[in-house]
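Visitor: Take a look at the following structure, please.
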Amino acid sequence: QVQLVDSGGGLVQSGGSLRLSCAASGSIFSINAMGWYRQAPGKQRELVAVIRSGGSRNYADSVKGRFTISRSNAKNTVYLQMNSLKPEDTAVYYCNAAGSGTYYWGQGTQVTVSS
């Protein structure tokens with residue numbers, strides 16, 4: 001089992017920045033990739049960014065050039081640095097870990113961008 005605790009959301013004005021954190025614990029040796037998803041009201045959950053154990057990264061087209069995913073192996077933590085935030089980035093952001101055919105989720109953190 002893997003436990004994920006995500007944090008760092010909040011209210012920010014358009015153009016501002018936030019950094020989300022996701023701390024993993026438990027059977028972290030089984031994790032192959034970690035990422036961030038988001039879900040806005042009335043919309044499906046969508047992938048925002050992912051970082052794999054080898055270090056490769058992928059981003060949704062809508063956040064490329066604005067968001068950066070990174071990790072600290074020493075802290076078992078993954079970060080999502082979000083810059084130039086837009087109102088359409090408003091959503092609940094969920095940390096995700098994948099490994100051994102299993103997916104784990106954080107509890108979610110609300111990000112609200114005001115215009």
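In the structure tokens, chains take letters A, B, ... by order of appearance, with residues numbered from 1 within each chain and ligands from 1 in the order shown.
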Which residues are close to stretch 76-83 of chain A, i.e. within 7 Å by only C-alpha atoms, leaving aside same-chain residues fewer than 3 positions away? Reply as a PDB file with N, CA and C atoms, in the first residue's frame.
Guide:
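In the end it all went to result22.pdb:
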ATOM      1  N   GLY A  16      -0.677  34.456 -11.041  1.00  0.00           N
ATOM      2  CA  GLY A  16       0.084  34.081  -9.861  1.00  0.00           C
ATOM      3  C   GLY A  16       0.645  32.679  -9.931  1.00  0.00           C
ATOM      4  N   SER A  17       1.249  32.269  -8.824  1.00  0.00           N
ATOM      5  CA  SER A  17       1.910  30.963  -8.752  1.00  0.00           C
ATOM      6  C   SER A  17       1.519  30.225  -7.479  1.00  0.00           C
ATOM      7  N   LEU A  18       1.565  28.908  -7.579  1.00  0.00           N
ATOM      8  CA  LEU A  18       1.381  28.028  -6.431  1.00  0.00           C
ATOM      9  C   LEU A  18       2.290  26.826  -6.617  1.00  0.00           C
ATOM     10  N   ARG A  19       2.666  26.199  -5.510  1.00  0.00           N
ATOM     11  CA  ARG A  19       3.404  24.944  -5.582  1.00  0.00           C
ATOM     12  C   ARG A  19       2.673  23.892  -4.770  1.00  0.00           C
ATOM     13  N   LEU A  20       2.316  22.815  -5.449  1.00  0.00           N
ATOM     14  CA  LEU A  20       1.670  21.683  -4.792  1.00  0.00           C
ATOM     15  C   LEU A  20       2.726  20.659  -4.391  1.00  0.00           C
ATOM     16  N   SER A  21       2.463  19.981  -3.280  1.00  0.00           N
ATOM     17  CA  SER A  21       3.363  18.928  -2.813  1.00  0.00           C
ATOM     18  C   SER A  21       2.579  17.646  -2.597  1.00  0.00           C
ATOM     19  N   CYS A  22       3.238  16.530  -2.834  1.00  0.00           N
ATOM     20  CA  CYS A  22       2.629  15.221  -2.606  1.00  0.00           C
ATOM     21  C   CYS A  22       3.660  14.343  -1.922  1.00  0.00           C
ATOM     22  N   ALA A  23       3.407  14.020  -0.668  1.00  0.00           N
ATOM     23  CA  ALA A  23       4.314  13.176   0.105  1.00  0.00           C
ATOM     24  C   ALA A  23       3.820  11.739   0.083  1.00  0.00           C
ATOM     25  N   ALA A  24       4.709  10.843  -0.314  1.00  0.00           N
ATOM     26  CA  ALA A  24       4.364   9.427  -0.407  1.00  0.00           C
ATOM     27  C   ALA A  24       4.988   8.648   0.740  1.00  0.00           C
ATOM     28  N   ARG A  66       4.092  26.359 -18.412  1.00  0.00           N
ATOM     29  CA  ARG A  66       3.654  27.067 -17.204  1.00  0.00           C
ATOM     30  C   ARG A  66       3.842  26.231 -15.946  1.00  0.00           C
ATOM     31  N   PHE A  67       3.650  24.927 -16.060  1.00  0.00           N
ATOM     32  CA  PHE A  67       3.752  24.026 -14.910  1.00  0.00           C
ATOM     33  C   PHE A  67       5.019  23.183 -15.031  1.00  0.00           C
ATOM     34  N   THR A  68       5.593  22.854 -13.881  1.00  0.00           N
ATOM     35  CA  THR A  68       6.769  21.990 -13.846  1.00  0.00           C
ATOM     36  C   THR A  68       6.602  20.959 -12.745  1.00  0.00           C
ATOM     37  N   ILE A  69       6.751  19.694 -13.104  1.00  0.00           N
ATOM     38  CA  ILE A  69       6.705  18.623 -12.117  1.00  0.00           C
ATOM     39  C   ILE A  69       8.133  18.227 -11.766  1.00  0.00           C
ATOM     40  N   SER A  70       8.360  17.987 -10.484  1.00  0.00           N
ATOM     41  CA  SER A  70       9.688  17.588 -10.031  1.00  0.00           C
ATOM     42  C   SER A  70       9.533  16.670  -8.823  1.00  0.00           C
ATOM     43  N   ARG A  71      10.626  16.121  -8.367  1.00  0.00           N
ATOM     44  CA  ARG A  71      10.550  15.206  -7.221  1.00  0.00           C
ATOM     45  C   ARG A  71      11.794  15.320  -6.364  1.00  0.00           C
ATOM     46  N   SER A  72      11.623  14.947  -5.110  1.00  0.00           N
ATOM     47  CA  SER A  72      12.732  14.814  -4.184  1.00  0.00           C
ATOM     48  C   SER A  72      12.734  13.372  -3.708  1.00  0.00           C
ATOM     49  N   ASN A  73      13.682  12.603  -4.163  1.00  0.00           N
ATOM     50  CA  ASN A  73      13.744  11.206  -3.743  1.00  0.00           C
ATOM     51  C   ASN A  73      14.029  11.092  -2.254  1.00  0.00           C
TER      52      ASN A  73
END
Visitor: Which distance in Å separates atom CA of A:Lys75 and atom CA of A:Thr90, to one decimal?
Guide: 27.5 Å
Visitor: Between A:Ser115, A:Ala91, A:Gln107, A:Asn96, which has the minimum distance to A:Pro41 (counting only C-alpha atoms)?
Guide: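 Among the listed residues, the smallest separation from A:Pro41 belongs to A:Ala91.
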Visitor: I'd like to know which of A:Ala40, A:Ala60, A:Ala98, A:Val92 is closest to A:Leu4, using only C-alpha atoms.
Guide: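 Ranking A:Ala40, A:Ala60, A:Ala98, A:Val92 by distance to A:Leu4, first place goes to A:Ala98.
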Visitor: May I have the residues within 8 Å of A:Ile31 as a VMD selection string, using only C-alpha atoms and disregarding those fewer than 6 positions away in the same chain?
Guide: chain A and resid 53 97 to 100
Visitor: Extract, using only C-alpha atoms, all DNA, RNA and protein residues at most 12 Å from A:Tyr104, discarding same-chain residues fewer than 6 positions from it, and format them as a PyMOL selection string.
Guide: chain A and resi 1-6+22+24-28+30-37+94-98
Visitor: If you measure from atom CA of A:Val111 to atom CA of A:Phe29, what distance in Å do you get, rounded to one decimal?
Guide: 29.5 Å
Visitor: Would you list, as a PyMOL selection string, the residues of stretch 4-72 of chain A that end up in strand (DSSP E or B) under DSSP run on this structure's backbone?
Guide: chain A and resi 4-7+10-13+18-26+33-39+46-52+57-59+67-72
Visitor: List the neighbours of A:Gln39 out to 10 Å using only C-alpha atoms; skip same-chain residues closer than 4 positions along the sequence, and give me the result as a PyMOL selection string.
Guide: chain A and resi 43-48+89-94+108+110
Visitor: Excluding A:Pro87 and its own-chain neighbours fewer than 4 positions away, which residues fall within 8 Å of it when counting only C-alpha atoms? Please give them as a tab-separated table (two decimals) with C-alpha atoms, in the first residue's frame.
Guide:
chain	number	residue	atom	x	y	z
A	14	SER	CA	-4.66	35.21	-12.38
A	112	THR	CA	-8.83	28.51	-7.25
A	113	VAL	CA	-7.62	31.18	-9.66
A	114	SER	CA	-9.52	34.44	-9.65
A	115	SER	CA	-9.68	36.70	-12.68
Visitor: Let me make sure I understand: among A:Leu85, A:Gly106, A:Ile51, A:Tyr59, which one has the smallest atom-to-atom distance to A:Gly15 if we use only C-alpha atoms?
Guide: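 That would be A:Leu85, the residue with the smallest distance to A:Gly15.
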Visitor: How far is it from atom CA of A:Ser7 to atom CA of A:Ser56, in Å with one decimal?
Guide: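 Going from atom CA of A:Ser7 over to atom CA of A:Ser56, I get 23.2 Å.
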